>>> print(open('start-v9.pdb').read())   # PDB, C-alpha atoms and all ligand atoms
ATOM      1  CA  MET A 941      80.882 127.814  47.472
ATOM      2  CA  PHE A 942      79.687 127.427  51.077
ATOM      3  CA  PRO A 943      75.972 127.659  51.738
ATOM      4  CA  GLU A 944      75.141 130.874  53.502
ATOM      5  CA  ASN A 945      73.746 129.456  56.739
ATOM      6  CA  ARG A 946      76.236 126.686  57.058
ATOM      7  CA  PRO A 947      76.781 125.328  60.561
ATOM      8  CA  ARG A 948      79.946 126.737  62.054
ATOM      9  CA  ARG A 949      82.424 124.843  64.108
ATOM     10  CA  LEU A 950      84.286 126.458  66.933
ATOM     11  CA  ARG A 951      87.848 127.344  65.899
ATOM     12  CA  ARG A 952      89.999 126.458  68.835
ATOM     13  CA  THR A 953      93.024 128.051  70.260
ATOM     14  CA  ASP A 954      94.655 126.244  73.158
ATOM     15  CA  THR A 955      92.883 128.546  75.578
ATOM     16  CA  ILE A 956      89.470 128.063  74.032
ATOM     17  CA  ARG A 957      90.071 124.333  74.029
ATOM     18  CA  ARG A 958      90.732 124.466  77.757
ATOM     19  CA  MET A 959      87.654 126.582  78.374
ATOM     20  CA  VAL A 960      85.235 124.239  76.620
ATOM     21  CA  ARG A 961      86.768 120.909  77.585
ATOM     22  CA  GLU A 962      84.068 118.532  78.823
ATOM     23  CA  THR A 963      86.188 115.992  80.662
ATOM     24  CA  ARG A 964      89.012 116.582  83.060
ATOM     25  CA  VAL A 965      91.320 114.154  84.768
ATOM     26  CA  HIS A 966      92.525 115.323  88.143
ATOM     27  CA  VAL A 967      95.162 113.775  90.352
ATOM     28  CA  ASP A 968      92.373 113.349  92.946
ATOM     29  CA  ASN A 969      90.839 110.694  90.696
ATOM     30  CA  LEU A 970      93.875 108.424  90.772
ATOM     31  CA  VAL A 971      94.729 105.233  92.608
ATOM     32  CA  TYR A 972      98.157 103.620  92.264
ATOM     33  CA  PRO A 973      98.372  99.803  92.576
ATOM     34  CA  LEU A 974     101.410  98.331  94.362
ATOM     35  CA  PHE A 975     102.789  94.804  94.646
ATOM     36  CA  ILE A 976     104.177  93.993  98.080
ATOM     37  CA  LYS A 977     106.400  90.960  98.464
ATOM     38  CA  GLU A 978     107.371  89.358 101.732
ATOM     39  CA  GLY A 979     111.064  89.863 102.485
ATOM     40  CA  SER A 980     113.351  92.833 103.002
ATOM     41  CA  SER A 981     115.190  95.416 100.888
ATOM     42  CA  LEU A 982     113.353  94.252  97.776
ATOM     43  CA  LYS A 983     112.677  96.361  94.719
ATOM     44  CA  GLU A 984     112.273  93.726  92.022
ATOM     45  CA  PRO A 985     111.482  94.845  88.495
ATOM     46  CA  ILE A 986     108.427  93.153  86.968
ATOM     47  CA  ASP A 987     109.391  91.908  83.496
ATOM     48  CA  THR A 988     105.898  92.058  82.037
ATOM     49  CA  MET A 989     105.294  95.568  83.413
ATOM     50  CA  PRO A 990     108.353  97.737  82.741
ATOM     51  CA  GLY A 991     108.653 100.520  85.309
ATOM     52  CA  GLN A 992     106.713  98.599  88.006
ATOM     53  CA  PHE A 993     108.302  96.746  90.909
ATOM     54  CA  ARG A 994     107.648  94.307  93.723
ATOM     55  CA  TYR A 995     108.540  96.061  96.959
ATOM     56  CA  SER A 996     109.112  94.552 100.371
ATOM     57  CA  PRO A 997     107.272  96.225 103.286
ATOM     58  CA  ASP A 998     110.425  97.933 104.614
ATOM     59  CA  MET A 999     110.706  99.854 101.332
ATOM     60  CA  LEU A1000     107.264 101.361 101.724
ATOM     61  CA  PRO A1001     107.736 104.300 104.085
ATOM     62  CA  LYS A1002     109.862 106.142 101.530
ATOM     63  CA  LEU A1003     107.666 105.160  98.614
ATOM     64  CA  ALA A1004     104.437 106.071 100.416
ATOM     65  CA  LYS A1005     105.830 109.515 101.209
ATOM     66  CA  GLN A1006     106.779 110.045  97.557
ATOM     67  CA  ILE A1007     103.321 109.038  96.363
ATOM     68  CA  ALA A1008     101.644 111.265  98.942
ATOM     69  CA  ALA A1009     103.934 114.145  97.958
ATOM     70  CA  GLN A1010     102.567 113.844  94.416
ATOM     71  CA  ASN A1011      99.072 114.313  95.878
ATOM     72  CA  ILE A1012      97.944 110.896  94.678
ATOM     73  CA  PRO A1013      95.188 110.199  97.207
ATOM     74  CA  ALA A1014      95.265 106.398  97.334
ATOM     75  CA  ILE A1015      97.162 103.204  96.693
ATOM     76  CA  LEU A1016      95.814  99.690  96.121
ATOM     77  CA  LEU A1017      97.808  96.898  97.750
ATOM     78  CA  PHE A1018      98.428  93.384  96.478
ATOM     79  CA  GLY A1019     100.368  90.923  98.614
ATOM     80  CA  ILE A1020     102.861  88.291  97.505
ATOM     81  CA  PRO A1021     103.378  85.967 100.478
ATOM     82  CA  ARG A1022     106.296  83.621 101.067
ATOM     83  CA  LYS A1023     104.059  80.683 101.881
ATOM     84  CA  LYS A1024     100.982  79.543 100.005
ATOM     85  CA  ASP A1025      98.607  76.746 100.986
ATOM     86  CA  ALA A1026      95.288  75.274  99.889
ATOM     87  CA  THR A1027      93.175  77.750 101.850
ATOM     88  CA  GLY A1028      95.255  80.922 101.605
ATOM     89  CA  THR A1029      96.058  81.122 105.320
ATOM     90  CA  SER A1030      98.798  83.704 104.816
ATOM     91  CA  ALA A1031      96.159  86.172 103.565
ATOM     92  CA  HIS A1032      94.767  86.748 107.048
ATOM     93  CA  GLN A1033      97.753  86.400 109.349
ATOM     94  CA  LYS A1034      98.377  89.264 111.698
ATOM     95  CA  ASP A1035     101.905  89.561 110.362
ATOM     96  CA  GLY A1036     101.005  88.790 106.751
ATOM     97  CA  VAL A1037     102.654  90.775 104.001
ATOM     98  CA  VAL A1038      99.767  93.200 103.409
ATOM     99  CA  GLN A1039      99.224  93.629 107.134
ATOM    100  CA  GLN A1040     102.914  94.532 107.574
ATOM    101  CA  ALA A1041     102.721  96.874 104.609
ATOM    102  CA  LEU A1042      99.669  98.647 106.006
ATOM    103  CA  ARG A1043     101.382  99.408 109.295
ATOM    104  CA  ARG A1044     104.443 100.815 107.534
ATOM    105  CA  ILE A1045     102.386 102.937 105.162
ATOM    106  CA  LYS A1046     100.046 104.330 107.797
ATOM    107  CA  ASP A1047     103.039 105.247 109.966
ATOM    108  CA  ALA A1048     104.878 107.013 107.173
ATOM    109  CA  ALA A1049     102.014 108.700 105.296
ATOM    110  CA  PRO A1050      98.767 108.564 107.257
ATOM    111  CA  GLU A1051      96.996 110.816 104.724
ATOM    112  CA  LEU A1052      97.549 108.300 101.916
ATOM    113  CA  MET A1053      94.444 106.088 101.641
ATOM    114  CA  ALA A1054      95.364 102.416 101.665
ATOM    115  CA  ILE A1055      92.941 100.260  99.714
ATOM    116  CA  THR A1056      93.476  96.514 100.018
ATOM    117  CA  ASP A1057      92.614  93.924  97.405
ATOM    118  CA  VAL A1058      90.805  91.054  99.089
ATOM    119  CA  CYS A1059      91.229  87.814  97.174
ATOM    120  CA  LEU A1060      92.832  84.430  97.725
ATOM    121  CA  CYS A1061      94.569  83.813  94.382
ATOM    122  CA  GLU A1062      97.902  85.251  95.514
ATOM    123  CA  TYR A1063      97.802  83.127  98.685
ATOM    124  CA  THR A1064      96.569  79.719  97.501
ATOM    125  CA  ASP A1065      98.999  77.117  96.187
ATOM    126  CA  HIS A1066      96.554  76.323  93.341
ATOM    127  CA  GLY A1067      96.164  80.003  92.407
ATOM    128  CA  HIS A1068      92.371  80.084  92.406
ATOM    129  CA  CYS A1069      90.491  82.940  94.039
ATOM    130  CA  GLY A1070      88.682  80.638  96.449
ATOM    131  CA  ILE A1071      88.819  77.370  98.338
ATOM    132  CA  LEU A1072      88.445  74.154  96.347
ATOM    133  CA  ASP A1073      86.027  71.319  97.078
ATOM    134  CA  ASP A1074      86.970  67.613  96.697
ATOM    135  CA  LYS A1075      86.213  67.800  92.966
ATOM    136  CA  GLY A1076      88.682  70.651  92.502
ATOM    137  CA  GLN A1077      85.939  73.234  91.953
ATOM    138  CA  VAL A1078      85.955  76.594  93.708
ATOM    139  CA  SER A1079      83.474  76.398  96.543
ATOM    140  CA  ASN A1080      81.701  79.741  96.764
ATOM    141  CA  ASP A1081      80.265  79.436 100.224
ATOM    142  CA  ASP A1082      83.342  77.917 101.897
ATOM    143  CA  THR A1083      85.348  80.826 100.525
ATOM    144  CA  LEU A1084      83.120  83.566 101.976
ATOM    145  CA  GLU A1085      84.163  82.935 105.561
ATOM    146  CA  VAL A1086      87.868  83.166 104.706
ATOM    147  CA  LEU A1087      87.360  86.352 102.691
ATOM    148  CA  SER A1088      85.635  88.085 105.571
ATOM    149  CA  THR A1089      88.505  87.042 107.867
ATOM    150  CA  VAL A1090      90.973  88.535 105.377
ATOM    151  CA  ALA A1091      89.003  91.779 105.116
ATOM    152  CA  LEU A1092      88.814  92.091 108.893
ATOM    153  CA  SER A1093      92.536  91.499 109.327
ATOM    154  CA  HIS A1094      93.224  94.246 106.771
ATOM    155  CA  ALA A1095      90.948  96.646 108.624
ATOM    156  CA  LYS A1096      92.681  95.831 111.911
ATOM    157  CA  ALA A1097      96.073  96.516 110.327
ATOM    158  CA  GLY A1098      94.940  99.942 109.125
ATOM    159  CA  ALA A1099      93.265  99.566 105.710
ATOM    160  CA  ASP A1100      91.136 102.585 104.813
ATOM    161  CA  ILE A1101      89.051 100.912 102.098
ATOM    162  CA  ILE A1102      88.402  97.208 101.449
ATOM    163  CA  ALA A1103      88.253  96.044  97.828
ATOM    164  CA  PRO A1104      87.067  92.457  97.314
ATOM    165  CA  SER A1105      88.142  91.171  93.885
ATOM    166  CA  ASP A1106      87.420  87.453  94.189
ATOM    167  CA  MET A1107      83.960  87.485  92.525
ATOM    168  CA  MET A1108      82.373  85.002  94.942
ATOM    169  CA  ASP A1109      78.617  85.520  95.331
ATOM    170  CA  GLY A1110      77.654  87.158  98.589
ATOM    171  CA  ARG A1111      81.086  88.371  99.603
ATOM    172  CA  VAL A1112      80.194  92.036  99.908
ATOM    173  CA  GLY A1113      77.380  91.273 102.354
ATOM    174  CA  ILE A1114      79.449  88.990 104.543
ATOM    175  CA  ILE A1115      82.436  91.362 104.590
ATOM    176  CA  ARG A1116      80.157  94.299 105.472
ATOM    177  CA  GLU A1117      78.665  92.316 108.320
ATOM    178  CA  SER A1118      81.987  91.300 109.771
ATOM    179  CA  LEU A1119      83.424  94.837 109.498
ATOM    180  CA  ASP A1120      80.333  96.279 111.203
ATOM    181  CA  GLU A1121      80.364  93.721 114.005
ATOM    182  CA  ASN A1122      83.978  94.512 114.787
ATOM    183  CA  GLY A1123      83.822  98.277 114.991
ATOM    184  CA  PHE A1124      84.758  99.052 111.391
ATOM    185  CA  GLU A1125      81.399 100.480 110.257
ATOM    186  CA  HIS A1126      83.276 103.476 108.874
ATOM    187  CA  ILE A1127      85.450 101.466 106.477
ATOM    188  CA  PRO A1128      83.992 101.610 102.949
ATOM    189  CA  ILE A1129      83.849  98.696 100.534
ATOM    190  CA  LEU A1130      84.953  99.249  96.960
ATOM    191  CA  SER A1131      83.671  96.167  95.235
ATOM    192  CA  TYR A1132      85.127  94.746  92.038
ATOM    193  CA  ALA A1133      81.493  94.302  90.985
ATOM    194  CA  VAL A1134      81.978  94.013  87.250
ATOM    195  CA  LYS A1135      85.126  91.995  86.742
ATOM    196  CA  TYR A1136      85.530  90.266  83.420
ATOM    197  CA  ALA A1137      87.473  87.049  82.856
ATOM    198  CA  SER A1138      90.012  89.038  80.897
ATOM    199  CA  THR A1139      93.175  88.026  79.124
ATOM    200  CA  PHE A1140      94.493  91.503  79.952
ATOM    201  CA  TYR A1141      95.310  90.348  83.507
ATOM    202  CA  GLY A1142      98.209  88.298  82.096
ATOM    203  CA  PRO A1143     101.061  90.586  83.207
ATOM    204  CA  PHE A1144      99.547  90.900  86.695
ATOM    205  CA  ARG A1145      99.544  87.162  87.187
ATOM    206  CA  GLU A1146     103.226  87.141  86.333
ATOM    207  CA  ALA A1147     103.817  90.035  88.714
ATOM    208  CA  ALA A1148     101.906  88.473  91.596
ATOM    209  CA  GLY A1149     102.632  84.816  90.822
ATOM    210  CA  SER A1150      98.893  84.187  90.900
ATOM    211  CA  ALA A1151      98.153  82.313  87.675
ATOM    212  CA  PRO A1152      95.869  79.339  88.374
ATOM    213  CA  SER A1153      97.819  76.063  88.292
ATOM    214  CA  PHE A1154      94.930  74.412  86.407
ATOM    215  CA  GLY A1155      91.789  75.618  84.652
ATOM    216  CA  ASP A1156      90.809  79.280  84.441
ATOM    217  CA  ARG A1157      88.656  81.852  86.222
ATOM    218  CA  LYS A1158      85.732  81.765  83.808
ATOM    219  CA  GLY A1159      83.557  80.032  86.382
ATOM    220  CA  TYR A1160      83.465  83.099  88.628
ATOM    221  CA  GLN A1161      84.583  86.047  86.498
ATOM    222  CA  MET A1162      82.346  87.568  83.829
ATOM    223  CA  ASP A1163      82.083  86.688  80.154
ATOM    224  CA  PRO A1164      83.457  89.591  78.058
ATOM    225  CA  ALA A1165      80.457  89.165  75.778
ATOM    226  CA  ASN A1166      77.947  90.106  78.479
ATOM    227  CA  VAL A1167      76.608  93.449  79.531
ATOM    228  CA  ARG A1168      73.197  92.737  81.073
ATOM    229  CA  GLU A1169      75.083  90.558  83.513
ATOM    230  CA  ALA A1170      77.211  93.566  84.442
ATOM    231  CA  MET A1171      74.088  95.457  85.497
ATOM    232  CA  ARG A1172      73.015  92.537  87.634
ATOM    233  CA  GLU A1173      76.419  92.165  89.297
ATOM    234  CA  ALA A1174      76.526  95.879  90.118
ATOM    235  CA  ALA A1175      72.976  95.831  91.516
ATOM    236  CA  TYR A1176      73.719  92.838  93.763
ATOM    237  CA  ASP A1177      76.873  94.369  95.198
ATOM    238  CA  ILE A1178      75.208  97.714  95.905
ATOM    239  CA  GLU A1179      72.318  95.917  97.566
ATOM    240  CA  GLU A1180      74.760  93.974  99.741
ATOM    241  CA  GLY A1181      76.378  97.203 100.895
ATOM    242  CA  ALA A1182      79.135  98.169  98.454
ATOM    243  CA  ASP A1183      79.880 101.881  98.825
ATOM    244  CA  MET A1184      81.692 102.108  95.518
ATOM    245  CA  ILE A1185      81.811  99.735  92.585
ATOM    246  CA  MET A1186      84.369  98.949  89.922
ATOM    247  CA  VAL A1187      84.485  97.945  86.283
ATOM    248  CA  LYS A1188      87.605  96.054  85.215
ATOM    249  CA  PRO A1189      89.390  96.158  82.752
ATOM    250  CA  ALA A1190      88.762  99.732  81.584
ATOM    251  CA  LEU A1191      89.581 100.584  77.984
ATOM    252  CA  PRO A1192      88.048  97.493  76.321
ATOM    253  CA  TYR A1193      84.887  98.029  78.433
ATOM    254  CA  LEU A1194      84.102 101.738  78.044
ATOM    255  CA  ASP A1195      80.544 100.890  77.008
ATOM    256  CA  VAL A1196      80.069  99.014  80.260
ATOM    257  CA  ILE A1197      81.482 101.904  82.297
ATOM    258  CA  ARG A1198      79.051 104.284  80.587
ATOM    259  CA  LEU A1199      76.045 102.042  81.232
ATOM    260  CA  ILE A1200      76.885 101.479  84.873
ATOM    261  CA  ALA A1201      77.572 105.193  85.399
ATOM    262  CA  ASP A1202      74.167 106.061  83.942
ATOM    263  CA  GLU A1203      72.266 103.367  85.792
ATOM    264  CA  PHE A1204      73.696 103.557  89.325
ATOM    265  CA  ASP A1205      74.466 106.539  91.474
ATOM    266  CA  SER A1206      77.240 104.999  93.571
ATOM    267  CA  PRO A1207      80.786 106.217  92.888
ATOM    268  CA  LEU A1208      82.389 104.280  90.078
ATOM    269  CA  ALA A1209      85.984 103.146  89.692
ATOM    270  CA  ALA A1210      87.591 101.720  86.567
ATOM    271  CA  TYR A1211      90.799  99.683  86.571
ATOM    272  CA  GLN A1212      93.265 100.219  83.744
ATOM    273  CA  VAL A1213      94.753  96.768  84.215
ATOM    274  CA  SER A1214      98.224  95.309  83.764
ATOM    275  CA  GLY A1215      97.662  94.301  80.125
ATOM    276  CA  GLU A1216      96.460  97.771  79.212
ATOM    277  CA  TYR A1217      99.614  99.145  80.825
ATOM    278  CA  ALA A1218     101.855  96.576  79.119
ATOM    279  CA  MET A1219     100.412  97.259  75.663
ATOM    280  CA  ILE A1220     101.128 100.963  75.895
ATOM    281  CA  LYS A1221     104.585 100.354  77.359
ATOM    282  CA  ALA A1222     105.526  97.817  74.680
ATOM    283  CA  ALA A1223     104.417  99.972  71.762
ATOM    284  CA  CYS A1224     106.146 103.037  73.195
ATOM    285  CA  GLU A1225     109.389 101.153  73.830
ATOM    286  CA  ARG A1226     109.451 100.368  70.106
ATOM    287  CA  GLY A1227     108.805 103.994  69.278
ATOM    288  CA  TRP A1228     105.463 103.129  67.683
ATOM    289  CA  LEU A1229     103.388 105.305  70.000
ATOM    290  CA  SER A1230     104.125 108.245  72.234
ATOM    291  CA  GLU A1231     103.787 107.332  75.876
ATOM    292  CA  ASP A1232     102.597 110.489  77.610
ATOM    293  CA  ALA A1233      99.994 111.123  74.930
ATOM    294  CA  CYS A1234      98.752 107.528  75.239
ATOM    295  CA  ILE A1235      98.488 107.839  78.996
ATOM    296  CA  LEU A1236      96.523 111.082  78.861
ATOM    297  CA  GLU A1237      94.194 109.990  76.072
ATOM    298  CA  SER A1238      93.402 106.589  77.550
ATOM    299  CA  VAL A1239      92.699 107.957  81.004
ATOM    300  CA  THR A1240      90.622 110.831  79.611
ATOM    301  CA  ALA A1241      88.566 108.278  77.683
ATOM    302  CA  ILE A1242      87.954 106.269  80.848
ATOM    303  CA  ARG A1243      86.808 109.435  82.655
ATOM    304  CA  ARG A1244      84.651 110.456  79.698
ATOM    305  CA  ALA A1245      82.940 107.068  79.824
ATOM    306  CA  GLY A1246      81.865 107.886  83.382
ATOM    307  CA  ALA A1247      84.463 106.640  85.858
ATOM    308  CA  ASP A1248      85.056 108.779  88.949
ATOM    309  CA  ILE A1249      88.116 106.892  90.142
ATOM    310  CA  ILE A1250      90.830 105.506  87.885
ATOM    311  CA  ILE A1251      93.150 102.805  89.129
ATOM    312  CA  SER A1252      96.269 102.915  86.996
ATOM    313  CA  TYR A1253      99.908 101.856  87.032
ATOM    314  CA  PHE A1254     100.528 105.159  85.248
ATOM    315  CA  ALA A1255      99.334 107.153  88.282
ATOM    316  CA  PRO A1256     102.762 108.603  89.243
ATOM    317  CA  ARG A1257     103.518 109.670  85.661
ATOM    318  CA  LEU A1258     100.002 111.041  85.280
ATOM    319  CA  ALA A1259     100.384 113.049  88.457
ATOM    320  CA  GLU A1260     103.502 114.614  86.926
ATOM    321  CA  LEU A1261     101.756 115.329  83.654
ATOM    322  CA  LEU A1262      98.773 116.897  85.396
ATOM    323  CA  ALA A1263     100.811 118.992  87.829
TER     324      ALA A1263
HETATM  325  C1  LIG A1301      92.718  89.179  91.804
HETATM  326  C2  LIG A1301      93.081  90.319  90.939
HETATM  327  C3  LIG A1301      93.581  90.286  89.644
HETATM  328  C4  LIG A1301      93.783  91.612  89.251
HETATM  329  C5  LIG A1301      93.397  92.411  90.316
HETATM  330  N1  LIG A1301      92.947  91.608  91.338
HETATM  331  C6  LIG A1301      93.966  89.126  88.802
HETATM  332  C7  LIG A1301      92.960  88.149  88.371
HETATM  333  O1  LIG A1301      91.764  88.269  88.615
HETATM  334  O2  LIG A1301      93.408  87.187  87.756
HETATM  335  C8  LIG A1301      94.316  92.045  87.940
HETATM  336  C9  LIG A1301      94.823  93.435  87.872
HETATM  337  C10 LIG A1301      95.654  93.731  86.675
HETATM  338  O3  LIG A1301      95.701  92.957  85.703
HETATM  339  O4  LIG A1301      96.303  94.774  86.688
HETATM  340  N2  LIG A1301      93.402  89.179  93.003
END
>>> encode(input="start-v9.pdb", output="structure tokens", more="lines below")
Ligand code: PBG
Amino acid sequence: MFPENRPRRLRRTDTIRRMVRETRVHVDNLVYPLFIKEGSSLKEPIDTMPGQFRYSPDMLPKLAKQIAAQNIPAILLFGIPRKKDATGTSAHQKDGVVQQALRRIKDAAPELMAITDVCLCEYTDHGHCGILDDKGQVSNDDTLEVLSTVALSHAKAGADIIAPSDMMDGRVGIIRESLDENGFEHIPILSYAVKYASTFYGPFREAAGSAPSFGDRKGYQMDPANVREAMREAAYDIEEGADMIMVKPALPYLDVIRLIADEFDSPLAAYQVSGEYAMIKAACERGWLSEDACILESVTAIRRAGADIIISYFAPRLAELLA
């Protein structure tokens, strides 16, 4: 027997479920990351990320138009240069791979926001995110100057938003200053403020050829065990002038996303990284999980945790599912 005044749960039809849903993912929330490799006529499959490719800049006009036609508002660009050196010179050349890509994309689909990842790991021969000192340690302050040069060269080539991902201290401030001094006051900075030293970047490093040739990134990326540190990192970047901040990876760090969303009022992005993508892809290829359902549930969870913007390799599929 039920007690007479028992609490009642809402019985849901599909329509009622839609009416009372608390979290919605919209195509406007999505950013699609792209790997751009120097060369021509390239569309190279990435083994560790089935369904993702390395494109050469000449392939981008068509691709950019397709992405824009899906109403995905933004892409995030990563460059894979032909030449690497100790200081990442190819990251800030006028005709560098990202700079070429930006011109092609802005020509073909000016409404598509081009966000550029600013970091040196794809451009240094040692694969670290900064410049090394004579002891082989990343030198924070020597790196700042180069990063601001990279950011400026992206802005000059047409970047709409600059996203520093290197995790050097003080980079947001110095990039803001150099953008402002050169007439790019209007270009926002989306800072990878809370970036963990995560094993889930593995497939990306294969995709971008950016694995460090020695050591790891634990000296400058965050310890997965820490959350107070995340608050501090976010506060510093906002103080230095970040317009939007990011937590990365996403799904293993939903608690961090929630805390940052509650604590700070700047727009918040979360990055569903390469390893999160690869896990879902691998399980679905084996028939152990169902892909579309995984995509929708994981991205809804990231939104529910408090992210405004979701950067995801699933963006094109999601746009289809949401249409
Ligand atoms: C650094 C950068 C990385 C990712 C985005 N920017 C790799 C790293 O820090 O090692 C990882 C993104 C992903 O795994 O999808 N340039």
>>> residues_near_ligand(input="start-v9.pdb", ligand="ligand LIG 1301 (chain A)", cutoff="6 Å", atoms="only C-alpha atoms and all ligand atoms", output="list in words")
Cys1059, Cys1061, Ser1105, Tyr1141, Phe1144, Val1213 and Ser1214 of chain A
>>> residues_around(input="start-v9.pdb", residues="A:Pro1189", least_positions_apart="5", cutoff="8 Å", atoms="only C-alpha atoms", output="JSON, numbers by chain")
{"A": [1135, 1136, 1138, 1140, 1210, 1211, 1212, 1213]}
>>> atom_distance(input="start-v9.pdb", atom1="atom CA of A:Ala1026", atom2="atom CA of A:Asp1120")
28.2 Å
>>> residues_around(input="start-v9.pdb", residues="A:Asn1166", least_positions_apart="3", cutoff="12 Å", atoms="only C-alpha atoms", output="mmCIF file with C-alpha atoms, keeping the file's coordinate frame")
data_model
loop_
_atom_site.group_PDB
_atom_site.id
_atom_site.type_symbol
_atom_site.label_atom_id
_atom_site.label_comp_id
_atom_site.auth_asym_id
_atom_site.auth_seq_id
_atom_site.Cartn_x
_atom_site.Cartn_y
_atom_site.Cartn_z
ATOM 1 C CA VAL A 1134 81.978 94.013 87.250
ATOM 2 C CA LYS A 1135 85.126 91.995 86.742
ATOM 3 C CA TYR A 1136 85.530 90.266 83.420
ATOM 4 C CA ALA A 1137 87.473 87.049 82.856
ATOM 5 C CA GLN A 1161 84.583 86.047 86.498
ATOM 6 C CA MET A 1162 82.346 87.568 83.829
ATOM 7 C CA ASP A 1163 82.083 86.688 80.154
ATOM 8 C CA GLU A 1169 75.083 90.558 83.513
ATOM 9 C CA ALA A 1170 77.211 93.566 84.442
ATOM 10 C CA MET A 1171 74.088 95.457 85.497
ATOM 11 C CA ARG A 1172 73.015 92.537 87.634
ATOM 12 C CA GLU A 1173 76.419 92.165 89.297
ATOM 13 C CA TYR A 1193 84.887 98.029 78.433
ATOM 14 C CA ASP A 1195 80.544 100.890 77.008
ATOM 15 C CA VAL A 1196 80.069 99.014 80.260
#
>>> resolve_selection(input="start-v9.pdb", expression="the PyMOL selection byres (((chain A and resi 1089) around 10) and not hetatm)", output="PDB file with C-alpha atoms, keeping the file's coordinate frame")
ATOM      1  CA  THR A1029      96.058  81.122 105.320  1.00  0.00           C
ATOM      2  CA  ALA A1031      96.159  86.172 103.565  1.00  0.00           C
ATOM      3  CA  HIS A1032      94.767  86.748 107.048  1.00  0.00           C
ATOM      4  CA  GLN A1033      97.753  86.400 109.349  1.00  0.00           C
ATOM      5  CA  VAL A1058      90.805  91.054  99.089  1.00  0.00           C
ATOM      6  CA  LEU A1084      83.120  83.566 101.976  1.00  0.00           C
ATOM      7  CA  GLU A1085      84.163  82.935 105.561  1.00  0.00           C
ATOM      8  CA  VAL A1086      87.868  83.166 104.706  1.00  0.00           C
ATOM      9  CA  LEU A1087      87.360  86.352 102.691  1.00  0.00           C
ATOM     10  CA  SER A1088      85.635  88.085 105.571  1.00  0.00           C
ATOM     11  CA  VAL A1090      90.973  88.535 105.377  1.00  0.00           C
ATOM     12  CA  ALA A1091      89.003  91.779 105.116  1.00  0.00           C
ATOM     13  CA  LEU A1092      88.814  92.091 108.893  1.00  0.00           C
ATOM     14  CA  SER A1093      92.536  91.499 109.327  1.00  0.00           C
ATOM     15  CA  HIS A1094      93.224  94.246 106.771  1.00  0.00           C
ATOM     16  CA  ALA A1095      90.948  96.646 108.624  1.00  0.00           C
ATOM     17  CA  ILE A1114      79.449  88.990 104.543  1.00  0.00           C
ATOM     18  CA  ILE A1115      82.436  91.362 104.590  1.00  0.00           C
ATOM     19  CA  SER A1118      81.987  91.300 109.771  1.00  0.00           C
ATOM     20  CA  LEU A1119      83.424  94.837 109.498  1.00  0.00           C
TER      21      LEU A1119
END
>>> axis_aligned_box(input="start-v9.pdb", around="stretch 1002-1013 of chain A", padding_each_side="8 Å", output="AutoDock Vina command-line options")
--center_x 102.5 --center_y 109.7 --center_z 98.0 --size_x 30.7 --size_y 25.2 --size_z 23.1
>>> resolve_selection(input="start-v9.pdb", expression="the PyMOL selection byres (((chain A and resi 1197-1209) around 8) and not hetatm)", output="list of chain:residue names")
A:Ala1170, A:Met1171, A:Ala1174, A:Ile1178, A:Asp1183, A:Met1184, A:Ile1185, A:Met1186, A:Val1187, A:Ala1190, A:Tyr1193, A:Leu1194, A:Asp1195, A:Val1196, A:Ala1210, A:Tyr1211, A:Ile1242, A:Ala1245, A:Gly1246, A:Ala1247, A:Asp1248, A:Ile1249, A:Ile1250, A:Ile1251
>>> closest_residue(input="start-v9.pdb", among="A:Arg1243, A:Lys1024, A:His966, A:Arg1116", to="A:Glu1260", atoms="all atoms listed in the file")
A:His966
>>> resolve_selection(input="start-v9.pdb", expression="the PyMOL selection byres (((chain A and resi 998) around 8) and not hetatm)", output="PyMOL selection string")
chain A and resi 980-981+996-997+999-1001+1041+1044
>>> closest_residue(input="start-v9.pdb", among="A:Asp968, A:Asp1074, A:Asp1035, A:Glu1146", to="A:Gln1010", atoms="all atoms listed in the file")
A:Asp968
>>> atom_distance(input="start-v9.pdb", atom1="atom CA of A:Ser1131", atom2="atom CA of A:Ala1049")
24.4 Å
